[in-house]
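Below is upload-v5.pdb, holding PDB, C-alpha atoms and all ligand atoms.
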ATOM      1  CA  MET A 186     118.049  95.438  98.856
ATOM      2  CA  LEU A 187     115.277  94.274 101.130
ATOM      3  CA  GLU A 188     112.914  92.336  98.886
ATOM      4  CA  PHE A 189     109.409  91.118  99.626
ATOM      5  CA  ASP A 190     108.734  88.771  96.753
ATOM      6  CA  GLY A 191     105.433  87.185  95.690
ATOM      7  CA  LEU A 192     104.010  86.576  99.172
ATOM      8  CA  HIS A 193     100.864  84.496  99.340
ATOM      9  CA  LYS A 194      99.167  83.626 102.594
ATOM     10  CA  SER A 195      95.770  82.148 103.384
ATOM     11  CA  TYR A 196      94.089  81.345 106.655
ATOM     12  CA  GLY A 197      91.608  78.602 105.735
ATOM     13  CA  ASP A 198      89.807  79.901 102.672
ATOM     14  CA  HIS A 199      90.611  83.529 103.509
ATOM     15  CA  HIS A 200      93.286  84.760 101.076
ATOM     16  CA  VAL A 201      95.057  87.411 103.112
ATOM     17  CA  LEU A 202      98.025  88.024 100.790
ATOM     18  CA  GLU A 203      97.840  87.425  97.060
ATOM     19  CA  GLY A 204     101.271  88.044  95.640
ATOM     20  CA  VAL A 205     102.531  90.960  97.717
ATOM     21  CA  GLY A 206     105.886  92.262  96.545
ATOM     22  CA  PHE A 207     108.007  95.374  96.955
ATOM     23  CA  THR A 208     111.634  96.306  97.447
ATOM     24  CA  VAL A 209     113.287  98.764  99.779
ATOM     25  CA  ALA A 210     116.725 100.057  98.880
ATOM     26  CA  PRO A 211     119.358 100.615 101.560
ATOM     27  CA  GLY A 212     118.954 104.121 102.894
ATOM     28  CA  SER A 213     115.367 104.533 101.859
ATOM     29  CA  MET A 214     112.174 104.684 103.851
ATOM     30  CA  PHE A 215     109.127 102.755 102.678
ATOM     31  CA  GLY A 216     105.669 103.618 104.010
ATOM     32  CA  PHE A 217     103.429 100.567 104.077
ATOM     33  CA  CYS A 218      99.798 101.668 103.953
ATOM     34  CA  GLY A 219      96.486  99.874 103.679
ATOM     35  CA  ALA A 220      93.074  99.632 105.232
ATOM     36  CA  ASN A 221      92.532  97.739 108.493
ATOM     37  CA  GLY A 222      92.906  94.048 107.788
ATOM     38  CA  ALA A 223      94.640  94.588 104.420
ATOM     39  CA  GLY A 224      97.556  92.344 105.414
ATOM     40  CA  LYS A 225     100.371  94.692 106.506
ATOM     41  CA  THR A 226     101.051  92.982 109.829
ATOM     42  CA  THR A 227     100.922  89.562 108.173
ATOM     43  CA  THR A 228     103.532  90.697 105.621
ATOM     44  CA  MET A 229     105.848  91.951 108.360
ATOM     45  CA  ARG A 230     105.328  88.866 110.498
ATOM     46  CA  ILE A 231     106.309  86.722 107.527
ATOM     47  CA  ALA A 232     109.530  88.719 107.187
ATOM     48  CA  MET A 233     110.300  88.001 110.835
ATOM     49  CA  GLY A 234     109.477  84.293 110.631
ATOM     50  CA  LEU A 235     106.408  84.686 112.864
ATOM     51  CA  ALA A 236     104.049  83.557 110.112
ATOM     52  CA  ARG A 237     104.822  81.178 107.301
ATOM     53  CA  PRO A 238     103.937  82.197 103.740
ATOM     54  CA  ASP A 239     102.210  79.675 101.454
ATOM     55  CA  SER A 240     104.660  80.874  98.819
ATOM     56  CA  GLY A 241     107.086  83.716  98.248
ATOM     57  CA  GLU A 242     109.961  84.919 100.386
ATOM     58  CA  VAL A 243     111.628  87.938 101.933
ATOM     59  CA  ARG A 244     115.285  88.513 101.073
ATOM     60  CA  TRP A 245     117.966  90.765 102.451
ATOM     61  CA  ARG A 246     121.071  91.270 100.329
ATOM     62  CA  GLY A 247     119.877  88.552  97.964
ATOM     63  CA  ARG A 248     119.416  85.847 100.634
ATOM     64  CA  PRO A 249     116.156  84.698 102.226
ATOM     65  CA  LEU A 250     115.864  86.046 105.758
ATOM     66  CA  ASP A 251     116.505  83.270 108.264
ATOM     67  CA  GLU A 252     116.976  83.011 111.989
ATOM     68  CA  GLY A 253     120.547  84.271 111.804
ATOM     69  CA  SER A 254     119.943  87.280 109.562
ATOM     70  CA  ARG A 255     116.778  88.244 111.462
ATOM     71  CA  ARG A 256     118.976  89.047 114.459
ATOM     72  CA  ARG A 257     120.229  91.974 112.393
ATOM     73  CA  VAL A 258     116.694  93.273 111.846
ATOM     74  CA  GLY A 259     115.167  95.762 114.264
ATOM     75  CA  TYR A 260     111.520  94.786 114.494
ATOM     76  CA  MET A 261     108.653  96.429 116.259
ATOM     77  CA  PRO A 262     105.696  94.042 116.448
ATOM     78  CA  GLU A 263     102.107  95.248 116.424
ATOM     79  CA  GLU A 264     101.273  93.249 119.531
ATOM     80  CA  ARG A 265     104.265  94.845 121.330
ATOM     81  CA  GLY A 266     106.540  92.597 123.293
ATOM     82  CA  LEU A 267     107.900  94.130 126.458
ATOM     83  CA  TYR A 268     108.377  92.601 129.872
ATOM     84  CA  PRO A 269     106.108  94.687 132.103
ATOM     85  CA  LYS A 270     108.029  94.053 135.334
ATOM     86  CA  MET A 271     111.467  94.814 133.904
ATOM     87  CA  ARG A 272     112.983  98.259 134.249
ATOM     88  CA  VAL A 273     113.378 100.292 131.078
ATOM     89  CA  GLY A 274     117.180 100.376 131.103
ATOM     90  CA  GLU A 275     117.530  96.658 131.882
ATOM     91  CA  GLN A 276     115.033  95.812 129.192
ATOM     92  CA  LEU A 277     116.844  97.758 126.511
ATOM     93  CA  THR A 278     120.172  96.253 127.531
ATOM     94  CA  TYR A 279     118.582  92.813 127.409
ATOM     95  CA  PHE A 280     117.270  93.349 123.842
ATOM     96  CA  ALA A 281     120.637  94.639 122.687
ATOM     97  CA  ARG A 282     122.375  91.571 124.196
ATOM     98  CA  LEU A 283     119.810  89.310 122.525
ATOM     99  CA  HIS A 284     120.878  90.759 119.186
ATOM    100  CA  GLY A 285     124.517  90.061 119.848
ATOM    101  CA  LEU A 286     125.978  93.234 121.421
ATOM    102  CA  ASP A 287     128.482  92.647 124.224
ATOM    103  CA  ALA A 288     127.584  93.803 127.738
ATOM    104  CA  ALA A 289     129.364  97.170 127.591
ATOM    105  CA  ALA A 290     128.082  98.054 124.104
ATOM    106  CA  ALA A 291     124.555  96.974 125.087
ATOM    107  CA  ALA A 292     124.581  99.183 128.180
ATOM    108  CA  ARG A 293     125.870 102.151 126.156
ATOM    109  CA  ALA A 294     123.275 101.650 123.412
ATOM    110  CA  ALA A 295     120.481 101.323 125.996
ATOM    111  CA  GLU A 296     121.563 104.563 127.639
ATOM    112  CA  GLU A 297     121.814 106.353 124.300
ATOM    113  CA  TRP A 298     118.413 105.271 122.951
ATOM    114  CA  ALA A 299     116.580 105.841 126.221
ATOM    115  CA  GLY A 300     117.916 109.404 126.138
ATOM    116  CA  ARG A 301     117.188 109.989 122.469
ATOM    117  CA  LEU A 302     113.604 108.827 122.738
ATOM    118  CA  GLY A 303     112.919 110.958 125.789
ATOM    119  CA  LEU A 304     113.048 108.133 128.338
ATOM    120  CA  GLY A 305     116.185 109.236 130.170
ATOM    121  CA  GLU A 306     114.328 110.000 133.398
ATOM    122  CA  ARG A 307     112.382 106.749 133.237
ATOM    123  CA  ARG A 308     115.358 104.413 132.858
ATOM    124  CA  ARG A 309     114.790 102.940 136.279
ATOM    125  CA  SER A 310     110.982 102.679 136.013
ATOM    126  CA  ARG A 311     109.270  99.391 135.386
ATOM    127  CA  VAL A 312     107.599  99.270 131.962
ATOM    128  CA  GLU A 313     104.175  98.676 133.548
ATOM    129  CA  GLU A 314     104.476 102.005 135.392
ATOM    130  CA  LEU A 315     104.784 103.975 132.143
ATOM    131  CA  SER A 316     102.030 105.573 130.124
ATOM    132  CA  LEU A 317     101.106 103.814 126.872
ATOM    133  CA  GLY A 318     102.949 106.389 124.779
ATOM    134  CA  ASN A 319     106.104 105.938 126.837
ATOM    135  CA  GLN A 320     105.818 102.152 126.595
ATOM    136  CA  GLN A 321     105.670 102.706 122.867
ATOM    137  CA  ARG A 322     108.919 104.672 123.043
ATOM    138  CA  VAL A 323     110.558 101.797 124.934
ATOM    139  CA  GLN A 324     109.386  99.411 122.236
ATOM    140  CA  LEU A 325     110.933 101.635 119.592
ATOM    141  CA  ALA A 326     114.164 101.915 121.522
ATOM    142  CA  ALA A 327     114.156  98.103 121.724
ATOM    143  CA  ALA A 328     114.027  97.904 117.917
ATOM    144  CA  LEU A 329     116.831 100.439 117.509
ATOM    145  CA  VAL A 330     119.151  99.495 120.316
ATOM    146  CA  SER A 331     120.859  96.604 118.531
ATOM    147  CA  ARG A 332     122.219  98.810 115.710
ATOM    148  CA  PRO A 333     120.091  96.949 113.154
ATOM    149  CA  GLU A 334     120.922  96.628 109.458
ATOM    150  CA  VAL A 335     117.227  96.694 108.570
ATOM    151  CA  LEU A 336     114.199  98.171 110.335
ATOM    152  CA  ILE A 337     110.697  96.712 110.077
ATOM    153  CA  LEU A 338     108.235  98.599 112.249
ATOM    154  CA  ASP A 339     104.536  97.904 112.629
ATOM    155  CA  GLU A 340     102.713 101.175 113.303
ATOM    156  CA  PRO A 341     105.597 102.761 115.206
ATOM    157  CA  PHE A 342     103.971 106.196 115.362
ATOM    158  CA  SER A 343     100.616 105.192 116.784
ATOM    159  CA  GLY A 344     100.032 106.575 120.252
ATOM    160  CA  LEU A 345     102.967 108.998 120.243
ATOM    161  CA  ASP A 346     102.528 112.662 121.091
ATOM    162  CA  PRO A 347     103.900 115.213 118.575
ATOM    163  CA  VAL A 348     107.236 115.453 120.399
ATOM    164  CA  GLY A 349     107.532 111.660 120.334
ATOM    165  CA  VAL A 350     106.640 111.641 116.631
ATOM    166  CA  ASP A 351     109.393 114.159 115.920
ATOM    167  CA  ALA A 352     111.955 112.215 117.972
ATOM    168  CA  LEU A 353     111.131 108.983 116.186
ATOM    169  CA  ALA A 354     111.006 110.605 112.744
ATOM    170  CA  GLU A 355     114.452 112.093 113.327
ATOM    171  CA  ALA A 356     115.806 108.738 114.550
ATOM    172  CA  LEU A 357     114.445 106.913 111.501
ATOM    173  CA  LEU A 358     115.778 109.505 109.069
ATOM    174  CA  GLU A 359     119.166 109.181 110.687
ATOM    175  CA  GLN A 360     119.062 105.393 110.296
ATOM    176  CA  CYS A 361     118.187 105.881 106.640
ATOM    177  CA  ARG A 362     121.055 108.297 106.134
ATOM    178  CA  ALA A 363     123.330 105.611 107.596
ATOM    179  CA  GLY A 364     122.135 103.214 104.853
ATOM    180  CA  VAL A 365     119.467 101.218 106.713
ATOM    181  CA  PRO A 366     116.344 100.284 104.722
ATOM    182  CA  VAL A 367     113.297 101.187 106.821
ATOM    183  CA  VAL A 368     109.788  99.802 106.348
ATOM    184  CA  PHE A 369     107.012 101.023 108.566
ATOM    185  CA  SER A 370     103.269 100.625 108.447
ATOM    186  CA  SER A 371     101.052 103.515 109.347
ATOM    187  CA  HIS A 372      97.602 104.975 109.009
ATOM    188  CA  GLN A 373      99.085 108.457 109.573
ATOM    189  CA  LEU A 374      99.416 109.258 105.887
ATOM    190  CA  ASP A 375     100.599 112.827 106.411
ATOM    191  CA  LEU A 376     103.627 111.391 108.194
ATOM    192  CA  VAL A 377     104.176 108.791 105.501
ATOM    193  CA  GLU A 378     104.033 111.527 102.872
ATOM    194  CA  ARG A 379     106.502 113.662 104.807
ATOM    195  CA  LEU A 380     109.046 110.935 105.605
ATOM    196  CA  CYS A 381     108.991 108.249 102.960
ATOM    197  CA  ASP A 382     110.862 107.982  99.683
ATOM    198  CA  ALA A 383     108.387 105.358  98.537
ATOM    199  CA  VAL A 384     104.943 104.229  99.493
ATOM    200  CA  GLY A 385     103.038 100.998  98.983
ATOM    201  CA  ILE A 386      99.281 100.725  99.293
ATOM    202  CA  LEU A 387      97.837  97.325 100.056
ATOM    203  CA  ALA A 388      94.212  96.455  99.381
ATOM    204  CA  ARG A 389      92.474  93.110  99.310
ATOM    205  CA  GLY A 390      95.807  91.297  99.705
ATOM    206  CA  ARG A 391      97.477  93.003  96.727
ATOM    207  CA  MET A 392      99.741  95.973  96.321
ATOM    208  CA  VAL A 393      97.405  98.296  94.412
ATOM    209  CA  ALA A 394      99.854 101.194  94.167
ATOM    210  CA  SER A 395     103.528 101.680  94.873
ATOM    211  CA  GLY A 396     106.221 104.165  94.053
ATOM    212  CA  THR A 397     107.159 107.654  95.133
ATOM    213  CA  VAL A 398     104.263 109.892  96.133
ATOM    214  CA  GLU A 399     105.010 111.863  92.973
ATOM    215  CA  GLU A 400     104.687 108.739  90.807
ATOM    216  CA  LEU A 401     101.433 107.827  92.529
ATOM    217  CA  ARG A 402     100.141 111.310  91.784
ATOM    218  CA  ARG A 403     100.941 110.951  88.114
ATOM    219  CA  ARG A 404      99.358 107.498  87.933
ATOM    220  CA  GLU A 405      96.390 107.774  90.273
ATOM    221  CA  ALA A 406      95.243 111.334  90.480
ATOM    222  CA  GLY A 407      93.442 113.418  87.949
ATOM    223  CA  ARG A 408      93.659 117.208  87.889
ATOM    224  CA  LEU A 409      92.452 118.597  91.195
ATOM    225  CA  LEU A 410      91.010 122.053  91.581
ATOM    226  CA  ARG A 411      90.150 123.658  94.923
ATOM    227  CA  VAL A 412      87.331 126.163  94.819
ATOM    228  CA  VAL A 413      86.116 128.134  97.814
ATOM    229  CA  ALA A 414      82.706 129.633  97.127
ATOM    230  CA  PRO A 415      81.319 130.542 100.570
ATOM    231  CA  ASP A 416      77.774 131.326  99.411
ATOM    232  CA  ALA A 417      77.339 128.233  97.222
ATOM    233  CA  ALA A 418      74.675 125.691  98.064
ATOM    234  CA  PRO A 419      76.002 122.171  98.622
ATOM    235  CA  GLY A 420      76.302 120.182  95.415
ATOM    236  CA  TRP A 421      76.743 123.265  93.198
ATOM    237  CA  ALA A 422      79.541 121.643  91.194
ATOM    238  CA  GLY A 423      77.783 118.330  90.647
ATOM    239  CA  ALA A 424      76.007 119.565  87.543
ATOM    240  CA  VAL A 425      79.124 120.903  85.787
ATOM    241  CA  PRO A 426      80.013 118.434  82.989
ATOM    242  CA  GLY A 427      83.375 116.651  83.271
ATOM    243  CA  VAL A 428      83.688 117.365  86.961
ATOM    244  CA  ARG A 429      83.740 114.966  89.913
ATOM    245  CA  VAL A 430      83.371 116.278  93.450
ATOM    246  CA  VAL A 431      86.197 114.808  95.545
ATOM    247  CA  SER A 432      85.244 116.567  98.761
ATOM    248  CA  GLU A 433      82.949 119.367  99.812
ATOM    249  CA  ARG A 434      82.650 121.134 103.135
ATOM    250  CA  ALA A 435      81.041 124.488 103.871
ATOM    251  CA  GLY A 436      81.690 125.975 100.455
ATOM    252  CA  ASP A 437      85.220 124.565 100.255
ATOM    253  CA  THR A 438      85.215 122.106  97.384
ATOM    254  CA  VAL A 439      87.861 119.914  95.766
ATOM    255  CA  LEU A 440      87.015 118.891  92.229
ATOM    256  CA  GLU A 441      88.597 116.444  89.827
ATOM    257  CA  LEU A 442      88.406 117.657  86.248
ATOM    258  CA  ALA A 443      88.394 115.398  83.214
ATOM    259  CA  GLU A 444      91.297 115.940  80.817
ATOM    260  CA  ASP A 445      89.341 118.194  78.444
ATOM    261  CA  THR A 446      87.266 120.122  80.993
ATOM    262  CA  ASP A 447      87.941 123.851  80.804
ATOM    263  CA  ASP A 448      88.681 125.255  84.270
ATOM    264  CA  GLN A 449      87.139 128.595  83.174
ATOM    265  CA  VAL A 450      83.787 126.857  82.755
ATOM    266  CA  VAL A 451      84.089 125.707  86.363
ATOM    267  CA  LEU A 452      85.028 129.223  87.460
ATOM    268  CA  ALA A 453      81.976 130.660  85.684
ATOM    269  CA  ALA A 454      79.744 128.082  87.403
ATOM    270  CA  ALA A 455      81.315 128.947  90.777
ATOM    271  CA  LEU A 456      80.813 132.679  90.213
ATOM    272  CA  ARG A 457      77.126 132.097  89.506
ATOM    273  CA  THR A 458      76.816 130.966  93.138
ATOM    274  CA  GLY A 459      78.227 134.268  94.501
ATOM    275  CA  ARG A 460      81.717 135.123  95.741
ATOM    276  CA  VAL A 461      84.731 132.959  94.860
ATOM    277  CA  THR A 462      87.523 133.502  97.402
ATOM    278  CA  HIS A 463      89.912 130.770  96.267
ATOM    279  CA  PHE A 464      90.364 129.054  92.904
ATOM    280  CA  ALA A 465      93.565 127.073  92.286
ATOM    281  CA  TRP A 466      94.975 123.794  91.063
ATOM    282  CA  ARG A 467      96.461 121.668  93.768
ATOM    283  CA  GLU A 468      98.291 118.353  94.167
ATOM    284  CA  ALA A 469      96.532 115.281  95.507
ATOM    285  CA  THR A 470      97.444 114.429  99.087
ATOM    286  CA  LEU A 471      98.440 110.894  99.995
ATOM    287  CA  VAL A 472      95.070 110.541 101.749
ATOM    288  CA  GLU A 473      93.295 111.227  98.441
ATOM    289  CA  LEU A 474      95.627 108.914  96.534
ATOM    290  CA  PHE A 475      94.972 106.234  99.135
ATOM    291  CA  ARG A 476      91.187 106.577  98.811
ATOM    292  CA  GLU A 477      91.499 106.363  95.047
ATOM    293  CA  ALA A 478      93.829 103.343  95.149
ATOM    294  CA  VAL A 479      91.781 101.291  97.618
ATOM    295  CA  ALA A 480      88.397 102.101  96.083
ATOM    296  CA  ASP A 481      86.475  99.103  94.897
ATOM    297  CA  PRO A 482      87.385  98.538  91.206
ATOM    298  CA  ALA A 483      83.684  98.809  90.209
ATOM    299  CA  GLN A 484      83.445 102.164  91.975
ATOM    300  CA  ARG A 485      86.572 103.396  90.176
ATOM    301  CA  THR A 486      85.146 102.496  86.779
ATOM    302  CA  ALA A 487      81.943 104.348  87.615
ATOM    303  CA  ARG A 488      83.945 107.429  88.609
ATOM    304  CA  GLU A 489      86.031 107.321  85.471
ATOM    305  CA  GLU A 490      82.889 107.184  83.396
ATOM    306  CA  VAL A 491      81.511 110.239  85.208
ATOM    307  CA  ALA A 492      84.775 112.133  84.697
ATOM    308  CA  ALA A 493      85.009 111.230  81.000
TER     309      ALA A 493
HETATM  310  N1  LIG A 501      96.426  83.975 112.800
HETATM  311  C1  LIG A 501      95.412  84.343 112.015
HETATM  312  N2  LIG A 501      94.367  83.521 111.778
HETATM  313  C2  LIG A 501      93.354  83.881 110.957
HETATM  314  N3  LIG A 501      93.276  85.065 110.322
HETATM  315  C3  LIG A 501      94.274  85.935 110.527
HETATM  316  C4  LIG A 501      95.396  85.630 111.371
HETATM  317  N4  LIG A 501      96.238  86.679 111.355
HETATM  318  C5  LIG A 501      95.670  87.613 110.542
HETATM  319  N5  LIG A 501      94.496  87.156 110.053
HETATM  320  C6  LIG A 501      93.605  87.891 109.136
HETATM  321  O1  LIG A 501      94.394  88.397 108.091
HETATM  322  C7  LIG A 501      93.881  89.647 107.647
HETATM  323  C8  LIG A 501      95.012  90.661 107.608
HETATM  324  O2  LIG A 501      95.385  91.010 108.916
HETATM  325  P1  LIG A 501      96.604  91.970 109.234
HETATM  326  O3  LIG A 501      96.712  92.061 110.717
HETATM  327  O4  LIG A 501      97.790  91.506 108.483
HETATM  328  O5  LIG A 501      96.095  93.343 108.616
HETATM  329  P2  LIG A 501      96.687  94.823 108.777
HETATM  330  O6  LIG A 501      96.797  95.383 107.398
HETATM  331  O7  LIG A 501      97.934  94.813 109.579
HETATM  332  O8  LIG A 501      95.518  95.555 109.547
HETATM  333  P3  LIG A 501      95.519  96.769 110.635
HETATM  334  O9  LIG A 501      95.764  98.032 109.863
HETATM  335  O10 LIG A 501      94.142  96.703 111.190
HETATM  336  O11 LIG A 501      96.589  96.475 111.647
HETATM  337  C9  LIG A 501      92.760  90.020 108.612
HETATM  338  O12 LIG A 501      91.530  89.727 107.979
HETATM  339  C10 LIG A 501      92.992  89.111 109.789
HETATM  340  O13 LIG A 501      91.789  88.812 110.427
END
What's the structure tokens form of this structure?
Amino acid sequence: MLEFDGLHKSYGDHHVLEGVGFTVAPGSMFGFCGANGAGKTTTMRIAMGLARPDSGEVRWRGRPLDEGSRRRVGYMPEERGLYPKMRVGEQLTYFARLHGLDAAAAARAAEEWAGRLGLGERRRSRVEELSLGNQQRVQLAAALVSRPEVLILDEPFSGLDPVGVDALAEALLEQCRAGVPVVFSSHQLDLVERLCDAVGILARGRMVASGTVEELRRREAGRLLRVVAPDAAPGWAGAVPGVRVVSERAGDTVLELAEDTDDQVVLAAALRTGRVTHFAWREATLVELFREAVADPAQRTAREEVAA
């Protein structure tokens, strides 16, 4: 198990982390989500020994991560850490050597990962000559090239084109299948939803929701109904009792219904506006669960009162 346990961290009187904890089982992928400034990078930097927690620790296989065991972690830092003048192939070989691979194994791994992440033709280019997205691929290859036991990646998908996203997603899934625990932070929640076995949502220095997306749905989301009423005036559903408007755009409305609200009452109200071309229950997306989880607690109470 990779365990983040009770992490607290303050900078001056700014409490950045207030007891952050989660575990990632071998072979599972954990999506670490949270608003800008929520503390994701700080949590990952603590795991890598780049920031010191005020209390708490990060353990791998029951032991606190230290300098030795961190060599077995593939880490992709937010600030990126490549040598701009070095050629791609040399750089990857260098990182693999740094993590303990012998020269021949390092060269093989560098060749393999450059190819797999679509950098084969750029092996002899200097990093500074590459586009940002390709530099990102080199950074990812650098995290993967040492055959890590654990992967901790800070926003690995940002800046990648769809082909790059697919290549990385496939590489991470393969690492998972081989038993590696993978943690990555991302604001691309559709990707997190697609790839991750478990998700953690950080807000105001605390983990406000964690579990599988399905568990989050059960815990966080009410019953969501999508109604498309093309002729309806904006706000048509606002007056229906026991209904909260989650989103509304050009007659396409998502509503959250209180437990005892009859969907047929909503349908009747929709029909009074004119045509109804779509009327169906649907599951909350991770984006909606995220909004719900990070909402200010006062706002949440107000919403619950409206829905009740
Ligand atoms: N060295 C530092 N000194 C002071 N404050 C810091 C330092 N490092 C981080 N912080 C603060 O800690 C908070 C959390 O930052 P962090 O980078 O961990 O957030 P994040 O969740 O990764 O955000 P983003 O999604 O924008 O990358 C921010 O308010 C940031 O300003």
Within 6 Å of ligand LIG 501 (chain A) (all atoms listed in the file), residues as a count of residues only: 11
Starting from the shown file, work through the PyMOL selection byres (((chain A and resi 435) around 10) and not hetatm) and note down what comes out as a PyMOL selection string. chain A and resi 413-419+433-434+436-438
So that I can check the surroundings of A:Ser432, please list as a ChimeraX atom specification every protein, DNA and RNA residue that reaches within 10 Å of it, counting only C-alpha atoms and ignoring chain neighbours fewer than 4 positions away. /A:411,437-441,473
Serialized selection, C-alpha atoms, as an mmCIF file, keeping the file's coordinate frame:
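This is the output file part_10.cif:
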data_model
loop_
_atom_site.group_PDB
_atom_site.id
_atom_site.type_symbol
_atom_site.label_atom_id
_atom_site.label_comp_id
_atom_site.auth_asym_id
_atom_site.auth_seq_id
_atom_site.Cartn_x
_atom_site.Cartn_y
_atom_site.Cartn_z
ATOM 1 C CA ARG A 411 90.150 123.658 94.923
ATOM 2 C CA ASP A 437 85.220 124.565 100.255
ATOM 3 C CA THR A 438 85.215 122.106 97.384
ATOM 4 C CA VAL A 439 87.861 119.914 95.766
ATOM 5 C CA LEU A 440 87.015 118.891 92.229
ATOM 6 C CA GLU A 441 88.597 116.444 89.827
ATOM 7 C CA GLU A 473 93.295 111.227 98.441
#
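Take the candidates A:Val209, A:Met214, A:Leu401, A:Leu336 and check each one against A:Arg255 using only C-alpha atoms; the shortest distance goes to A:Leu336.
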I'd like the contact shell of A:Ala363 - 9 Å cut-off, only C-alpha atoms, skipping same-chain residues fewer than 3 positions apart - returned as JSON, numbers by chain. {"A": [211, 212, 358, 359, 360]}
What is the atom CA of A:Gln320-atom CA of A:Ser213 distance in Å, reported with one decimal? 26.6 Å
Do you know which residues the PyMOL selection byres (((chain A and resi 347-357) around 10) and not hetatm) returns on this file, as a PyMOL selection string? chain A and resi 213-214+298+301-303+318-319+321-322+325-326+329+336+341-346+358-363+365-369+376+379-380
Requested write-out: C-alpha atoms of the selected residues, as an mmCIF file, keeping the file's coordinate frame:
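Dumped everything to part_4.cif:
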data_model
loop_
_atom_site.group_PDB
_atom_site.id
_atom_site.type_symbol
_atom_site.label_atom_id
_atom_site.label_comp_id
_atom_site.auth_asym_id
_atom_site.auth_seq_id
_atom_site.Cartn_x
_atom_site.Cartn_y
_atom_site.Cartn_z
ATOM 1 C CA SER A 213 115.367 104.533 101.859
ATOM 2 C CA MET A 214 112.174 104.684 103.851
ATOM 3 C CA TRP A 298 118.413 105.271 122.951
ATOM 4 C CA ARG A 301 117.188 109.989 122.469
ATOM 5 C CA LEU A 302 113.604 108.827 122.738
ATOM 6 C CA GLY A 303 112.919 110.958 125.789
ATOM 7 C CA GLY A 318 102.949 106.389 124.779
ATOM 8 C CA ASN A 319 106.104 105.938 126.837
ATOM 9 C CA GLN A 321 105.670 102.706 122.867
ATOM 10 C CA ARG A 322 108.919 104.672 123.043
ATOM 11 C CA LEU A 325 110.933 101.635 119.592
ATOM 12 C CA ALA A 326 114.164 101.915 121.522
ATOM 13 C CA LEU A 329 116.831 100.439 117.509
ATOM 14 C CA LEU A 336 114.199 98.171 110.335
ATOM 15 C CA PRO A 341 105.597 102.761 115.206
ATOM 16 C CA PHE A 342 103.971 106.196 115.362
ATOM 17 C CA SER A 343 100.616 105.192 116.784
ATOM 18 C CA GLY A 344 100.032 106.575 120.252
ATOM 19 C CA LEU A 345 102.967 108.998 120.243
ATOM 20 C CA ASP A 346 102.528 112.662 121.091
ATOM 21 C CA LEU A 358 115.778 109.505 109.069
ATOM 22 C CA GLU A 359 119.166 109.181 110.687
ATOM 23 C CA GLN A 360 119.062 105.393 110.296
ATOM 24 C CA CYS A 361 118.187 105.881 106.640
ATOM 25 C CA ARG A 362 121.055 108.297 106.134
ATOM 26 C CA ALA A 363 123.330 105.611 107.596
ATOM 27 C CA VAL A 365 119.467 101.218 106.713
ATOM 28 C CA PRO A 366 116.344 100.284 104.722
ATOM 29 C CA VAL A 367 113.297 101.187 106.821
ATOM 30 C CA VAL A 368 109.788 99.802 106.348
ATOM 31 C CA PHE A 369 107.012 101.023 108.566
ATOM 32 C CA LEU A 376 103.627 111.391 108.194
ATOM 33 C CA ARG A 379 106.502 113.662 104.807
ATOM 34 C CA LEU A 380 109.046 110.935 105.605
#
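Applied to the file shown here, the PyMOL selection byres (((chain A and resi 382) around 6) and not hetatm) selects A:Met214, A:Cys381, A:Ala383, A:Thr397.
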Given all atoms listed in the file as the counted atoms, nearest of A:Val273, A:Leu187, A:Ala290, A:Leu202 to A:Leu250: A:Leu187
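Straight-line separation from atom CA of A:Leu456 to atom CA of A:Val430: 16.9 Å.
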Could you pull the residues within 9 Å of A:Arg402, counting all atoms listed in the file, minus those fewer than 2 positions along the same chain, as number ranges by chain? A: 397-400, 404-407, 468-471, 474
Missing atoms in stretch 366-374 of chain A: fill them in up to N, CA and C atoms and send the result as an mmCIF file, in the coordinates of the input.
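So the final result, stored in part.cif, reads:
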data_model
loop_
_atom_site.group_PDB
_atom_site.id
_atom_site.type_symbol
_atom_site.label_atom_id
_atom_site.label_comp_id
_atom_site.auth_asym_id
_atom_site.auth_seq_id
_atom_site.Cartn_x
_atom_site.Cartn_y
_atom_site.Cartn_z
ATOM 1 N N PRO A 366 117.688 100.221 105.314
ATOM 2 C CA PRO A 366 116.344 100.284 104.722
ATOM 3 C C PRO A 366 115.304 100.236 105.838
ATOM 4 N N VAL A 367 114.321 101.111 105.763
ATOM 5 C CA VAL A 367 113.297 101.187 106.821
ATOM 6 C C VAL A 367 111.925 100.947 106.193
ATOM 7 N N VAL A 368 111.186 100.018 106.751
ATOM 8 C CA VAL A 368 109.788 99.802 106.348
ATOM 9 C C VAL A 368 108.940 100.059 107.570
ATOM 10 N N PHE A 369 107.950 100.916 107.446
ATOM 11 C CA PHE A 369 107.012 101.023 108.566
ATOM 12 C C PHE A 369 105.590 101.119 108.057
ATOM 13 N N SER A 370 104.680 100.519 108.813
ATOM 14 C CA SER A 370 103.269 100.625 108.447
ATOM 15 C C SER A 370 102.667 101.772 109.236
ATOM 16 N N SER A 371 101.679 102.401 108.642
ATOM 17 C CA SER A 371 101.052 103.515 109.347
ATOM 18 C C SER A 371 99.735 103.885 108.683
ATOM 19 N N HIS A 372 98.828 104.371 109.537
ATOM 20 C CA HIS A 372 97.602 104.975 109.009
ATOM 21 C C HIS A 372 97.738 106.497 109.007
ATOM 22 N N GLN A 373 98.875 107.001 109.529
ATOM 23 C CA GLN A 373 99.085 108.457 109.573
ATOM 24 C C GLN A 373 99.739 108.886 108.251
ATOM 25 N N LEU A 374 98.888 109.098 107.246
ATOM 26 C CA LEU A 374 99.416 109.258 105.887
ATOM 27 C C LEU A 374 100.161 110.576 105.697
#
